[in-house]
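Right, one structure below, let's go through it.
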Amino acid sequence: MNGGIGLEEEKEAEYYSKDFEWEELRSHVENDPSFSHHLLPFQPQPQPQLLQSDSHAWKRFHIRHSSGKFFKERRYLLKEFPELVSCKENSKVLEVGCGNGSTILPILRGNENIIVYACDCSSEILERAKEIVNDSNVVALRNRFHPFYCDLSVTRFPSWLACNQCRDLNLQTQQSCLSDVRINNNNKANSDDAYSLEGSGCCKGGVDFITLIFTLSAIPLQEMPVSIKECFSILKPGGLLLFRDYGLYDMTMLRFEKSQRVGFREYNRSDGTRSYFFSLDIVRDLFVGAGFTEVELDYCCINSVNRRKGKSMQRVWVHGKFQKPI
Ligand SMILES: C[S@@+](CC[C@H](N)C(=O)[O-])C[C@H]1O[C@@H](n2cnc3c(N)ncnc32)[C@H](O)[C@@H]1O
């Protein structure tokens with residue numbers, strides 16, 4: 001499958017891994033005429049018919065791969081994001097676009113006191129993720145794993161996770177720069193009470209971490225700012241968004257044909273699922289534009305060997321950590 005989703009992402013790699021310099025790859029790609037179609041400005045073609053939304057392609061994808069074995073557990077994840085282990089007891093994580101649980105499992109295994117919320121736009125894969133997690137030997141799973149349906153390109157996160165009042169409160173807390181604003185029952189401010197709302201039954205009060213692992217690239221570029229803003233709104237002040245996704249000039253991008261382009265650095269796989277390839281500048285603009293502070297951002301460049309085909313492949317991923325200001 002051209003530009004297909006491979007299992008290559010399971011290879012252990014750390015964000016500071018540099019099997020090669022990204023700038024050297026960039027220079028090679030930008031000077032090789034056979035790659036010139038990836039560099040041209042994108043001219044939208046008139047669509048013969050209204051295309052179904054991208055999440056439909058993902059729903060079909062998960063039905064076709066119903067064994068749920070297409071993605072592998074991301075064993076490297078906690079090395080990349082050790083704060084998922086060292087965080088305080090009962091910290092809450094939201095994994096957006098969880099698929100079969102490749103990211104959920106290492107988090108639950110690595111920290112017995114963490115609570116994981118996980119959403120996807122496919123009910124089929126959520127059922128599969130539940131089975132996989134339940135069948136795993138994760139300790140004290142009860143009440144620690146909460147999967148739910150959410151198509152981020154059409155809806156907001158549910159209000160039981162963070163209600164409007166708590167979202168506003170988080171914003172106020174931020175905007176007031178921790179001035180001594182107090183909240184009373186009329187919703188007129190007190191930063192201590194912002195946290196007392198948690199557990200009062202109105203909602204879960206937002207989350208401490210969000211993981212966006214190979215999910216943002218599946219969402220059309222023009223929808224990304226709204227999706228990131230939505231992530232920002234349910235994160236607690238000081239919370240971290242942990243990001244990993246396809247990087248510009250990754251080998252899977254260079255395999256796409258010209259006819260598969262659906263935007264600049266955006267491609268449709270033959271199964272209809274979409275993939276965008278990120279430069280650091282675009283990632284920075286998207287997250288900082290939504291209000292986040294950059295903590296870490298770099299290319300991870302790995303020479304990966306496909307043992308079956310005996311071929312070496314230059315893989316590029318973007319690793320990022322972004323914080324919601326306190
Ligand atoms: C490449 S998979 C990544 C899965 C998982 N995060 C991991 O670490 O393996 C992308 C996932 O995003 C989901 N997805 C795509 N578009 C979505 C949307 N609009 N809302 C929620 N989930 C979406 C897909 O169903 C798929 O499970």
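To be explicit about the labels: the chains of the structure tokens are called A, B, and onward in the order shown, and within each one the residues are counted from 1, while ligands get numbers from 1 in the order they are shown.
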For chain A against ligand 1, with a cut-off of 6 Å and counting only C-alpha atoms and all ligand atoms, what is the closest atom pair and its distance in Å to one decimal for every residue that makes the cut, ordered by chain and number, as CSV?
```
residue,atom,partner,partner_atom_place_in_ligand_line,distance
A:Ser55,CA,ligand 1,16 (N),4.9
A:Trp58,CA,ligand 1,25 (O),4.8
A:Phe71,CA,ligand 1,9 (O),5.8
A:Gly97,CA,ligand 1,12 (O),3.6
A:Cys98,CA,ligand 1,6 (N),4.2
A:Gly99,CA,ligand 1,27 (O),3.3
A:Ser102,CA,ligand 1,9 (O),4.6
A:Thr103,CA,ligand 1,8 (O),4.4
A:Asp120,CA,ligand 1,22 (N),3.9
A:Cys121,CA,ligand 1,21 (C),4.1
A:Ser122,CA,ligand 1,25 (O),5.5
A:Cys150,CA,ligand 1,21 (C),5.6
A:Asp151,CA,ligand 1,20 (N),3.6
A:Leu152,CA,ligand 1,20 (N),3.9
A:Ser153,CA,ligand 1,19 (N),4.3
A:Ile213,CA,ligand 1,6 (N),4.5
A:Phe214,CA,ligand 1,3 (C),4.7
A:Thr215,CA,ligand 1,10 (C),4.3
A:Ala218,CA,ligand 1,15 (C),5.2
A:Ile219,CA,ligand 1,16 (N),5.5
```
Residues from last step as file, all heavy atoms, as a short mmCIF file (atom, residue, chain, number, x, y, z; two decimals), in the first residue's frame:
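Result saved to result-v1.cif:
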```cif
data_model
loop_
_atom_site.label_atom_id
_atom_site.label_comp_id
_atom_site.auth_asym_id
_atom_site.auth_seq_id
_atom_site.Cartn_x
_atom_site.Cartn_y
_atom_site.Cartn_z
N SER A 55 -13.06 10.71 8.94
CA SER A 55 -13.25 9.72 10.00
C SER A 55 -13.96 8.48 9.45
O SER A 55 -13.78 7.39 10.00
CB SER A 55 -13.99 10.33 11.19
OG SER A 55 -15.10 11.02 10.76
N TRP A 58 -11.41 6.07 8.47
CA TRP A 58 -10.83 5.39 9.63
C TRP A 58 -11.77 4.31 10.16
O TRP A 58 -11.32 3.25 10.57
CB TRP A 58 -10.48 6.40 10.73
CG TRP A 58 -9.17 7.03 10.44
CD1 TRP A 58 -8.95 8.29 9.95
CD2 TRP A 58 -7.88 6.43 10.57
NE1 TRP A 58 -7.61 8.50 9.77
CE2 TRP A 58 -6.93 7.37 10.14
CE3 TRP A 58 -7.43 5.19 10.98
CZ2 TRP A 58 -5.55 7.12 10.13
CZ3 TRP A 58 -6.07 4.93 10.98
CH2 TRP A 58 -5.15 5.88 10.56
N PHE A 71 -1.75 -2.17 14.85
CA PHE A 71 -0.81 -1.32 15.58
C PHE A 71 -0.21 -2.12 16.74
O PHE A 71 -0.89 -2.91 17.35
CB PHE A 71 -1.52 -0.09 16.15
CG PHE A 71 -2.13 0.78 15.10
CD1 PHE A 71 -3.50 0.90 14.98
CD2 PHE A 71 -1.33 1.48 14.23
CE1 PHE A 71 -4.06 1.69 14.01
CE2 PHE A 71 -1.89 2.28 13.24
CZ PHE A 71 -3.25 2.39 13.14
N GLY A 97 -7.58 9.60 19.81
CA GLY A 97 -7.38 8.72 18.66
C GLY A 97 -6.62 7.49 19.10
O GLY A 97 -5.52 7.20 18.63
N CYS A 98 -7.23 6.74 20.02
CA CYS A 98 -6.47 5.68 20.73
C CYS A 98 -6.27 4.43 19.90
O CYS A 98 -5.43 3.60 20.24
CB CYS A 98 -7.18 5.31 22.03
SG CYS A 98 -8.83 4.63 21.79
N GLY A 99 -7.04 4.26 18.80
CA GLY A 99 -6.92 3.01 18.03
C GLY A 99 -7.12 1.82 18.95
O GLY A 99 -7.99 1.84 19.83
N SER A 102 -2.45 1.00 21.46
CA SER A 102 -0.98 0.90 21.42
C SER A 102 -0.30 1.87 22.38
O SER A 102 0.77 1.59 22.89
CB SER A 102 -0.45 1.22 20.02
OG SER A 102 -1.23 0.64 19.05
N THR A 103 -0.93 3.03 22.60
CA THR A 103 -0.35 4.02 23.51
C THR A 103 -0.90 3.85 24.92
O THR A 103 -0.21 4.10 25.90
CB THR A 103 -0.64 5.44 22.95
OG1 THR A 103 0.17 5.62 21.79
CG2 THR A 103 -0.34 6.54 23.94
N ASP A 120 -11.81 7.64 20.41
CA ASP A 120 -11.55 7.40 18.99
C ASP A 120 -12.86 7.67 18.23
O ASP A 120 -13.94 7.68 18.82
CB ASP A 120 -11.08 5.95 18.75
CG ASP A 120 -10.27 5.83 17.46
OD1 ASP A 120 -10.89 5.82 16.37
OD2 ASP A 120 -9.02 5.81 17.53
N CYS A 121 -12.72 7.86 16.90
CA CYS A 121 -13.91 8.11 16.08
C CYS A 121 -14.50 6.80 15.57
O CYS A 121 -15.45 6.83 14.78
CB CYS A 121 -13.57 9.02 14.91
SG CYS A 121 -12.37 8.27 13.80
N SER A 122 -13.95 5.66 16.00
CA SER A 122 -14.48 4.37 15.56
C SER A 122 -14.94 3.55 16.76
O SER A 122 -14.14 3.23 17.65
CB SER A 122 -13.39 3.60 14.79
OG SER A 122 -13.63 2.21 14.84
N CYS A 150 -15.54 9.69 20.36
CA CYS A 150 -15.52 11.13 20.05
C CYS A 150 -14.85 11.32 18.68
O CYS A 150 -13.73 10.86 18.47
CB CYS A 150 -14.73 11.89 21.12
SG CYS A 150 -14.57 13.65 20.74
N ASP A 151 -15.57 11.94 17.77
CA ASP A 151 -14.97 12.31 16.48
C ASP A 151 -14.58 13.78 16.60
O ASP A 151 -15.42 14.66 16.54
CB ASP A 151 -16.00 12.10 15.36
CG ASP A 151 -15.40 12.45 14.00
OD1 ASP A 151 -14.38 13.16 13.96
OD2 ASP A 151 -15.98 12.00 12.99
N LEU A 152 -13.32 13.99 16.80
CA LEU A 152 -12.82 15.32 17.11
C LEU A 152 -13.05 16.32 15.98
O LEU A 152 -13.10 17.53 16.21
CB LEU A 152 -11.33 15.23 17.44
CG LEU A 152 -10.70 16.40 18.15
CD1 LEU A 152 -11.47 16.78 19.41
CD2 LEU A 152 -9.26 16.10 18.50
N SER A 153 -13.20 15.80 14.75
CA SER A 153 -13.39 16.77 13.66
C SER A 153 -14.84 17.27 13.61
O SER A 153 -15.12 18.23 12.91
CB SER A 153 -12.94 16.20 12.32
OG SER A 153 -13.58 14.99 12.08
N ILE A 213 -0.70 10.88 19.60
CA ILE A 213 0.36 10.03 19.04
C ILE A 213 -0.11 9.50 17.68
O ILE A 213 -0.98 8.64 17.61
CB ILE A 213 0.69 8.86 20.01
CG1 ILE A 213 0.90 9.38 21.45
CG2 ILE A 213 1.90 8.08 19.52
CD1 ILE A 213 2.12 10.24 21.69
N PHE A 214 0.44 10.03 16.62
CA PHE A 214 0.08 9.67 15.24
C PHE A 214 -1.42 9.85 14.98
O PHE A 214 -2.00 9.09 14.21
CB PHE A 214 0.54 8.23 14.89
CG PHE A 214 2.03 8.11 14.86
CD1 PHE A 214 2.73 7.61 15.95
CD2 PHE A 214 2.75 8.55 13.75
CE1 PHE A 214 4.12 7.53 15.93
CE2 PHE A 214 4.14 8.47 13.73
CZ PHE A 214 4.82 7.96 14.82
N THR A 215 -2.03 10.83 15.65
CA THR A 215 -3.45 11.09 15.41
C THR A 215 -3.67 12.41 14.69
O THR A 215 -4.51 12.51 13.79
CB THR A 215 -4.22 11.08 16.75
OG1 THR A 215 -4.19 9.76 17.28
CG2 THR A 215 -5.68 11.50 16.58
N ALA A 218 -3.85 12.52 11.01
CA ALA A 218 -5.02 11.90 10.39
C ALA A 218 -6.15 12.91 10.20
O ALA A 218 -7.16 12.61 9.58
CB ALA A 218 -5.49 10.74 11.25
N ILE A 219 -5.98 14.09 10.77
CA ILE A 219 -7.03 15.12 10.72
C ILE A 219 -6.64 16.15 9.66
O ILE A 219 -5.47 16.53 9.58
CB ILE A 219 -7.16 15.75 12.13
CG1 ILE A 219 -7.72 14.71 13.10
CG2 ILE A 219 -8.02 17.02 12.12
CD1 ILE A 219 -7.77 15.14 14.55
#
```
- Message: For Gly238 in chain A, find every residue with an atom within 8 Å (counting only C-alpha atoms), except residues of its own chain fewer than 5 positions away, and show them as a list in words.
- Response: Asp208, Gln323, Lys324, Pro325 and Ile326 of chain A
Mind writing the picked residues with C-alpha atoms as a short mmCIF file (atom, residue, chain, number, x, y, z; two decimals), in the first residue's frame?
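Wrote part_25.cif, looks like this:
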```cif
data_model
loop_
_atom_site.label_atom_id
_atom_site.label_comp_id
_atom_site.auth_asym_id
_atom_site.auth_seq_id
_atom_site.Cartn_x
_atom_site.Cartn_y
_atom_site.Cartn_z
CA ASP A 208 -3.20 16.53 33.43
CA GLN A 323 2.55 22.97 28.22
CA LYS A 324 -0.61 24.86 29.04
CA PRO A 325 0.68 27.94 30.90
CA ILE A 326 -0.01 28.17 34.62
#
```
- Task: With a distance cut-off of 7 Å and only C-alpha atoms, select the neighbouring residues of Lys236 in chain A, excluding the residue or stretch itself and same-chain residues fewer than 6 positions from it, and output the selection as number ranges by chain.
- Result: A: 170, 206-208
Next, write the just-selected residues to a file, as an mmCIF file, in the first residue's frame, keeping N, CA, C and O atoms as the atom set.
```cif
data_model
loop_
_atom_site.group_PDB
_atom_site.id
_atom_site.type_symbol
_atom_site.label_atom_id
_atom_site.label_comp_id
_atom_site.auth_asym_id
_atom_site.auth_seq_id
_atom_site.Cartn_x
_atom_site.Cartn_y
_atom_site.Cartn_z
ATOM 1 N N ASN A 170 -10.487 27.361 33.918
ATOM 2 C CA ASN A 170 -9.087 27.160 33.561
ATOM 3 C C ASN A 170 -8.554 28.369 32.815
ATOM 4 O O ASN A 170 -7.448 28.823 33.039
ATOM 5 N N GLY A 206 -11.129 18.259 33.868
ATOM 6 C CA GLY A 206 -10.025 18.347 32.915
ATOM 7 C C GLY A 206 -8.951 17.319 33.204
ATOM 8 O O GLY A 206 -9.055 16.536 34.159
ATOM 9 N N VAL A 207 -7.909 17.304 32.378
ATOM 10 C CA VAL A 207 -6.878 16.261 32.499
ATOM 11 C C VAL A 207 -5.499 16.889 32.680
ATOM 12 O O VAL A 207 -5.286 18.058 32.370
ATOM 13 N N ASP A 208 -4.572 16.061 33.185
ATOM 14 C CA ASP A 208 -3.198 16.528 33.426
ATOM 15 C C ASP A 208 -2.325 16.362 32.184
ATOM 16 O O ASP A 208 -1.354 17.081 32.005
#
```
- What residues in range 19-237 of chain A get the DSSP label strand (DSSP E)? Please answer as a PyMOL selection string. chain A and resi 92-96+115-120+145-149+207-213+235-237
File of the preceding selection, C-alpha atoms, as a PDB file, in the first residue's frame:
```
ATOM      1  CA  LYS A  92      -5.471  11.873  34.394  1.00  0.00           C
ATOM      2  CA  VAL A  93      -4.406  11.271  30.808  1.00  0.00           C
ATOM      3  CA  LEU A  94      -6.513  11.609  27.691  1.00  0.00           C
ATOM      4  CA  GLU A  95      -5.257   9.616  24.687  1.00  0.00           C
ATOM      5  CA  VAL A  96      -6.849  11.134  21.572  1.00  0.00           C
ATOM      6  CA  ILE A 115      -6.205   7.149  35.091  1.00  0.00           C
ATOM      7  CA  VAL A 116      -6.532   6.876  31.318  1.00  0.00           C
ATOM      8  CA  TYR A 117      -9.381   8.320  29.265  1.00  0.00           C
ATOM      9  CA  ALA A 118      -9.202   7.321  25.624  1.00  0.00           C
ATOM     10  CA  CYS A 119     -11.306   8.311  22.641  1.00  0.00           C
ATOM     11  CA  ASP A 120     -11.554   7.398  18.985  1.00  0.00           C
ATOM     12  CA  PHE A 145      -9.379   2.937  31.879  1.00  0.00           C
ATOM     13  CA  HIS A 146     -12.312   4.870  30.382  1.00  0.00           C
ATOM     14  CA  PRO A 147     -12.760   4.589  26.618  1.00  0.00           C
ATOM     15  CA  PHE A 148     -15.357   6.789  24.888  1.00  0.00           C
ATOM     16  CA  TYR A 149     -16.473   7.699  21.385  1.00  0.00           C
ATOM     17  CA  VAL A 207      -6.878  16.261  32.499  1.00  0.00           C
ATOM     18  CA  ASP A 208      -3.198  16.528  33.426  1.00  0.00           C
ATOM     19  CA  PHE A 209      -1.893  15.082  30.154  1.00  0.00           C
ATOM     20  CA  ILE A 210      -3.065  14.671  26.585  1.00  0.00           C
ATOM     21  CA  THR A 211      -1.329  12.247  24.251  1.00  0.00           C
ATOM     22  CA  LEU A 212      -1.606  12.921  20.517  1.00  0.00           C
ATOM     23  CA  ILE A 213       0.356  10.034  19.042  1.00  0.00           C
ATOM     24  CA  LEU A 235      -6.106  20.452  29.913  1.00  0.00           C
ATOM     25  CA  LYS A 236      -5.513  21.751  33.433  1.00  0.00           C
ATOM     26  CA  PRO A 237      -3.193  24.776  33.695  1.00  0.00           C
TER      27      PRO A 237
END
```
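The coordinates place CA of Asn90 in chain A at 5.3 Å from CA of Asn113 in chain A.
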- Find the residues around Asn164 in chain A up to 12 Å (only C-alpha atoms counted), leave out those fewer than 4 positions away in its own chain, and share them as a list in words. Arg156, Phe157, Pro158, Ser159, Trp160, Asp168, Leu169, Asn170, Leu171, Gln172, Asn187, Cys202, Cys203, Lys204, Gly205, Gly206, Glu230, Ser233 and Ile234 of chain A
Write the residues of the selection above to a file with all heavy atoms, as a compact mmCIF listing (two decimals), in the first residue's frame.
```txt
# COMPACT_ATOMS: atom_id res chain seq x y z
N ARG A 156 -17.00 18.39 20.16
CA ARG A 156 -16.07 18.74 21.23
C ARG A 156 -15.92 17.53 22.15
O ARG A 156 -16.68 16.57 22.04
CB ARG A 156 -16.64 19.93 22.03
CG ARG A 156 -16.93 21.13 21.18
CD ARG A 156 -17.51 22.24 22.01
NE ARG A 156 -16.48 22.88 22.82
CZ ARG A 156 -16.73 23.66 23.87
NH1 ARG A 156 -17.97 23.88 24.27
NH2 ARG A 156 -15.75 24.23 24.54
N PHE A 157 -14.99 17.59 23.08
CA PHE A 157 -14.90 16.53 24.07
C PHE A 157 -16.12 16.61 24.97
O PHE A 157 -16.68 17.70 25.17
CB PHE A 157 -13.62 16.68 24.90
CG PHE A 157 -12.37 16.38 24.12
CD1 PHE A 157 -11.37 17.33 23.99
CD2 PHE A 157 -12.20 15.15 23.51
CE1 PHE A 157 -10.22 17.06 23.26
CE2 PHE A 157 -11.06 14.88 22.78
CZ PHE A 157 -10.07 15.83 22.66
N PRO A 158 -16.56 15.46 25.53
CA PRO A 158 -17.79 15.48 26.32
C PRO A 158 -17.66 16.36 27.56
O PRO A 158 -16.58 16.49 28.13
CB PRO A 158 -17.98 14.01 26.72
CG PRO A 158 -16.68 13.36 26.48
CD PRO A 158 -15.93 14.14 25.46
N SER A 159 -18.81 16.90 27.98
CA SER A 159 -18.75 17.84 29.11
C SER A 159 -18.52 17.14 30.44
O SER A 159 -18.15 17.77 31.41
CB SER A 159 -20.01 18.70 29.15
OG SER A 159 -21.11 17.85 29.16
N TRP A 160 -18.68 15.78 30.49
CA TRP A 160 -18.36 15.10 31.75
C TRP A 160 -16.85 15.11 32.01
O TRP A 160 -16.39 14.92 33.12
CB TRP A 160 -18.92 13.67 31.82
CG TRP A 160 -18.52 12.74 30.70
CD1 TRP A 160 -19.31 12.37 29.65
CD2 TRP A 160 -17.27 12.07 30.52
NE1 TRP A 160 -18.62 11.52 28.81
CE2 TRP A 160 -17.37 11.32 29.33
CE3 TRP A 160 -16.08 12.03 31.22
CZ2 TRP A 160 -16.33 10.53 28.83
CZ3 TRP A 160 -15.03 11.25 30.73
CH2 TRP A 160 -15.16 10.51 29.55
N ASP A 168 -13.91 27.37 31.35
CA ASP A 168 -13.80 28.83 31.51
C ASP A 168 -12.91 29.15 32.69
O ASP A 168 -12.12 30.07 32.67
CB ASP A 168 -15.17 29.46 31.75
CG ASP A 168 -16.01 29.41 30.48
OD1 ASP A 168 -15.44 29.08 29.43
OD2 ASP A 168 -17.23 29.67 30.56
N LEU A 169 -13.09 28.33 33.73
CA LEU A 169 -12.34 28.56 34.95
C LEU A 169 -10.84 28.41 34.70
O LEU A 169 -10.03 29.22 35.14
CB LEU A 169 -12.79 27.51 35.95
CG LEU A 169 -12.72 27.85 37.41
CD1 LEU A 169 -13.46 29.12 37.70
CD2 LEU A 169 -13.33 26.70 38.19
N ASN A 170 -10.49 27.36 33.92
CA ASN A 170 -9.09 27.16 33.56
C ASN A 170 -8.55 28.37 32.81
O ASN A 170 -7.45 28.82 33.04
CB ASN A 170 -8.93 25.93 32.67
CG ASN A 170 -8.96 24.65 33.48
OD1 ASN A 170 -8.86 24.70 34.70
ND2 ASN A 170 -9.11 23.53 32.81
N LEU A 171 -9.39 28.89 31.91
CA LEU A 171 -8.97 30.05 31.13
C LEU A 171 -8.79 31.26 32.03
O LEU A 171 -7.81 31.98 31.95
CB LEU A 171 -10.02 30.39 30.07
CG LEU A 171 -9.76 29.81 28.69
CD1 LEU A 171 -10.85 30.26 27.74
CD2 LEU A 171 -8.39 30.22 28.18
N GLN A 172 -9.80 31.43 32.94
CA GLN A 172 -9.72 32.57 33.85
C GLN A 172 -8.48 32.48 34.71
O GLN A 172 -7.78 33.44 34.92
CB GLN A 172 -10.93 32.60 34.78
CG GLN A 172 -12.17 33.17 34.14
CD GLN A 172 -13.35 33.01 35.08
OE1 GLN A 172 -13.17 32.96 36.30
NE2 GLN A 172 -14.54 32.92 34.54
N ASN A 187 -20.18 31.72 40.10
CA ASN A 187 -19.13 31.61 39.10
C ASN A 187 -18.32 32.89 39.01
O ASN A 187 -17.96 33.33 37.94
CB ASN A 187 -19.76 31.25 37.74
CG ASN A 187 -18.70 30.79 36.76
OD1 ASN A 187 -17.60 30.44 37.18
ND2 ASN A 187 -19.04 30.78 35.49
N CYS A 202 -19.60 18.02 38.98
CA CYS A 202 -19.96 18.71 37.73
C CYS A 202 -19.24 18.07 36.55
O CYS A 202 -19.76 17.96 35.47
CB CYS A 202 -19.69 20.21 37.82
SG CYS A 202 -17.97 20.67 37.69
N CYS A 203 -18.00 17.62 36.74
CA CYS A 203 -17.25 16.95 35.67
C CYS A 203 -15.93 16.45 36.27
O CYS A 203 -15.71 16.58 37.47
CB CYS A 203 -16.96 17.88 34.50
SG CYS A 203 -15.77 19.17 34.89
N LYS A 204 -15.07 15.90 35.44
CA LYS A 204 -13.77 15.40 35.95
C LYS A 204 -12.76 16.52 36.13
O LYS A 204 -11.63 16.27 36.54
CB LYS A 204 -13.21 14.34 34.99
CG LYS A 204 -14.13 13.16 34.75
CD LYS A 204 -14.19 12.27 35.97
CE LYS A 204 -15.20 11.16 35.80
NZ LYS A 204 -15.52 10.49 37.06
N GLY A 205 -13.13 17.71 35.72
CA GLY A 205 -12.24 18.86 35.96
C GLY A 205 -11.07 18.97 35.02
O GLY A 205 -10.10 19.66 35.31
N GLY A 206 -11.13 18.26 33.87
CA GLY A 206 -10.03 18.35 32.91
C GLY A 206 -8.95 17.32 33.20
O GLY A 206 -9.06 16.54 34.16
N GLU A 230 -9.31 22.64 21.20
CA GLU A 230 -10.19 21.82 22.05
C GLU A 230 -9.36 21.03 23.08
O GLU A 230 -9.74 20.94 24.25
CB GLU A 230 -10.99 20.88 21.12
CG GLU A 230 -11.99 19.97 21.79
CD GLU A 230 -13.11 20.71 22.52
OE1 GLU A 230 -13.21 21.95 22.42
OE2 GLU A 230 -13.88 20.02 23.22
N SER A 233 -8.38 23.35 25.82
CA SER A 233 -9.45 23.78 26.73
C SER A 233 -9.72 22.75 27.84
O SER A 233 -10.25 23.09 28.88
CB SER A 233 -10.73 24.07 25.96
OG SER A 233 -11.35 22.87 25.56
N ILE A 234 -9.38 21.47 27.61
CA ILE A 234 -9.69 20.48 28.66
C ILE A 234 -8.46 20.10 29.48
O ILE A 234 -8.54 19.26 30.38
CB ILE A 234 -10.36 19.21 28.10
CG1 ILE A 234 -9.44 18.54 27.09
CG2 ILE A 234 -11.72 19.48 27.52
CD1 ILE A 234 -9.56 17.05 27.21
```
- Return the single residue from A:Asp54, A:Asp281, A:Asp32, A:Glu21 that is closest to Arg269 in chain A, with distances computed using only C-alpha atoms.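 That would be A:Asp54, the residue with the smallest distance to Arg269 in chain A.
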For the structure I just gave you, how does DSSP split range 35-161 of chain A - specifically, which residues are alpha helix (DSSP H)? Reply as a short mmCIF file (atom, residue, chain, number, x, y, z; two decimals) with N, CA and C atoms, in the first residue's frame.
```
data_model
loop_
_atom_site.label_atom_id
_atom_site.label_comp_id
_atom_site.auth_asym_id
_atom_site.auth_seq_id
_atom_site.Cartn_x
_atom_site.Cartn_y
_atom_site.Cartn_z
N ASP A 54 -13.16 12.29 6.69
CA ASP A 54 -11.99 11.44 6.88
C ASP A 54 -12.21 10.39 7.95
N SER A 55 -13.06 10.71 8.94
CA SER A 55 -13.25 9.72 10.00
C SER A 55 -13.96 8.48 9.45
N HIS A 56 -14.76 8.62 8.37
CA HIS A 56 -15.39 7.43 7.78
C HIS A 56 -14.33 6.46 7.25
N ALA A 57 -13.28 7.03 6.67
CA ALA A 57 -12.20 6.17 6.15
C ALA A 57 -11.56 5.40 7.31
N TRP A 58 -11.41 6.07 8.47
CA TRP A 58 -10.83 5.39 9.63
C TRP A 58 -11.77 4.31 10.16
N LYS A 59 -13.09 4.61 10.13
CA LYS A 59 -14.05 3.59 10.59
C LYS A 59 -13.93 2.34 9.70
N ARG A 60 -13.87 2.57 8.36
CA ARG A 60 -13.75 1.43 7.45
C ARG A 60 -12.42 0.71 7.70
N PHE A 61 -11.39 1.49 7.92
CA PHE A 61 -10.06 0.91 8.17
C PHE A 61 -10.12 -0.06 9.36
N HIS A 62 -10.77 0.38 10.44
CA HIS A 62 -10.80 -0.45 11.65
C HIS A 62 -11.68 -1.67 11.46
N ILE A 63 -12.73 -1.55 10.62
CA ILE A 63 -13.57 -2.72 10.37
C ILE A 63 -12.76 -3.76 9.58
N ARG A 64 -12.00 -3.25 8.59
CA ARG A 64 -11.16 -4.16 7.78
C ARG A 64 -10.07 -4.84 8.61
N LEU A 77 7.33 4.45 24.50
CA LEU A 77 6.60 5.67 24.86
C LEU A 77 7.03 6.31 26.17
N LEU A 78 7.25 5.47 27.20
CA LEU A 78 7.56 6.03 28.52
C LEU A 78 8.98 6.57 28.60
N LYS A 79 9.83 6.10 27.68
CA LYS A 79 11.18 6.68 27.63
C LYS A 79 11.09 8.09 27.07
N GLU A 80 10.20 8.26 26.11
CA GLU A 80 10.01 9.56 25.48
C GLU A 80 9.32 10.54 26.43
N GLU A 83 7.33 11.72 32.18
CA GLU A 83 6.43 12.36 33.15
C GLU A 83 5.14 11.56 33.32
N LEU A 84 4.86 10.64 32.39
CA LEU A 84 3.68 9.78 32.56
C LEU A 84 3.89 8.76 33.67
N VAL A 85 5.15 8.58 34.06
CA VAL A 85 5.47 7.66 35.17
C VAL A 85 5.66 8.44 36.46
N SER A 86 6.33 9.60 36.35
CA SER A 86 6.72 10.31 37.58
C SER A 86 5.62 11.24 38.10
N ILE A 104 -2.16 3.38 25.01
CA ILE A 104 -2.79 3.24 26.33
C ILE A 104 -2.07 2.19 27.17
N LEU A 105 -1.77 1.05 26.54
CA LEU A 105 -1.23 -0.08 27.32
C LEU A 105 0.07 0.26 28.04
N PRO A 106 1.08 0.83 27.34
CA PRO A 106 2.32 1.13 28.08
C PRO A 106 2.08 2.14 29.20
N ILE A 107 1.12 3.05 29.04
CA ILE A 107 0.88 4.04 30.10
C ILE A 107 0.28 3.33 31.32
N LEU A 108 -0.72 2.48 31.09
CA LEU A 108 -1.35 1.76 32.22
C LEU A 108 -0.37 0.82 32.91
N ARG A 109 0.47 0.17 32.10
CA ARG A 109 1.46 -0.74 32.68
C ARG A 109 2.52 0.01 33.49
N GLY A 110 2.92 1.20 32.97
CA GLY A 110 4.06 1.91 33.55
C GLY A 110 3.72 2.68 34.81
N SER A 123 -16.25 3.22 16.79
CA SER A 123 -16.77 2.41 17.91
C SER A 123 -16.17 1.01 17.87
N GLU A 124 -15.93 0.51 16.64
CA GLU A 124 -15.37 -0.85 16.51
C GLU A 124 -14.02 -0.95 17.22
N ILE A 125 -13.16 0.04 16.96
CA ILE A 125 -11.81 -0.07 17.54
C ILE A 125 -11.85 0.17 19.04
N LEU A 126 -12.84 0.96 19.50
CA LEU A 126 -12.93 1.16 20.95
C LEU A 126 -13.28 -0.16 21.65
N GLU A 127 -14.19 -0.93 21.02
CA GLU A 127 -14.53 -2.25 21.58
C GLU A 127 -13.30 -3.14 21.62
N ARG A 128 -12.54 -3.10 20.52
CA ARG A 128 -11.33 -3.94 20.43
C ARG A 128 -10.30 -3.49 21.48
N ALA A 129 -10.18 -2.16 21.62
CA ALA A 129 -9.21 -1.64 22.61
C ALA A 129 -9.59 -2.13 24.01
N LYS A 130 -10.92 -2.12 24.30
CA LYS A 130 -11.37 -2.59 25.63
C LYS A 130 -10.96 -4.04 25.84
N GLU A 131 -11.20 -4.87 24.79
CA GLU A 131 -10.85 -6.30 24.91
C GLU A 131 -9.34 -6.46 25.14
N ILE A 132 -8.57 -5.73 24.33
CA ILE A 132 -7.10 -5.87 24.42
C ILE A 132 -6.61 -5.47 25.81
N VAL A 133 -7.13 -4.34 26.30
CA VAL A 133 -6.68 -3.87 27.62
C VAL A 133 -7.15 -4.84 28.71
N ASN A 134 -8.41 -5.31 28.61
CA ASN A 134 -8.91 -6.24 29.62
C ASN A 134 -8.14 -7.56 29.62
N ASP A 135 -7.73 -8.00 28.41
CA ASP A 135 -6.99 -9.28 28.32
C ASP A 135 -5.52 -9.13 28.72
#
```
- So how far away is CA of Val262 in chain A from CA of Phe243 in chain A, in Å?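 Calculated distance between CA of Phe243 in chain A and CA of Val262 in chain A is 23.3 Å.
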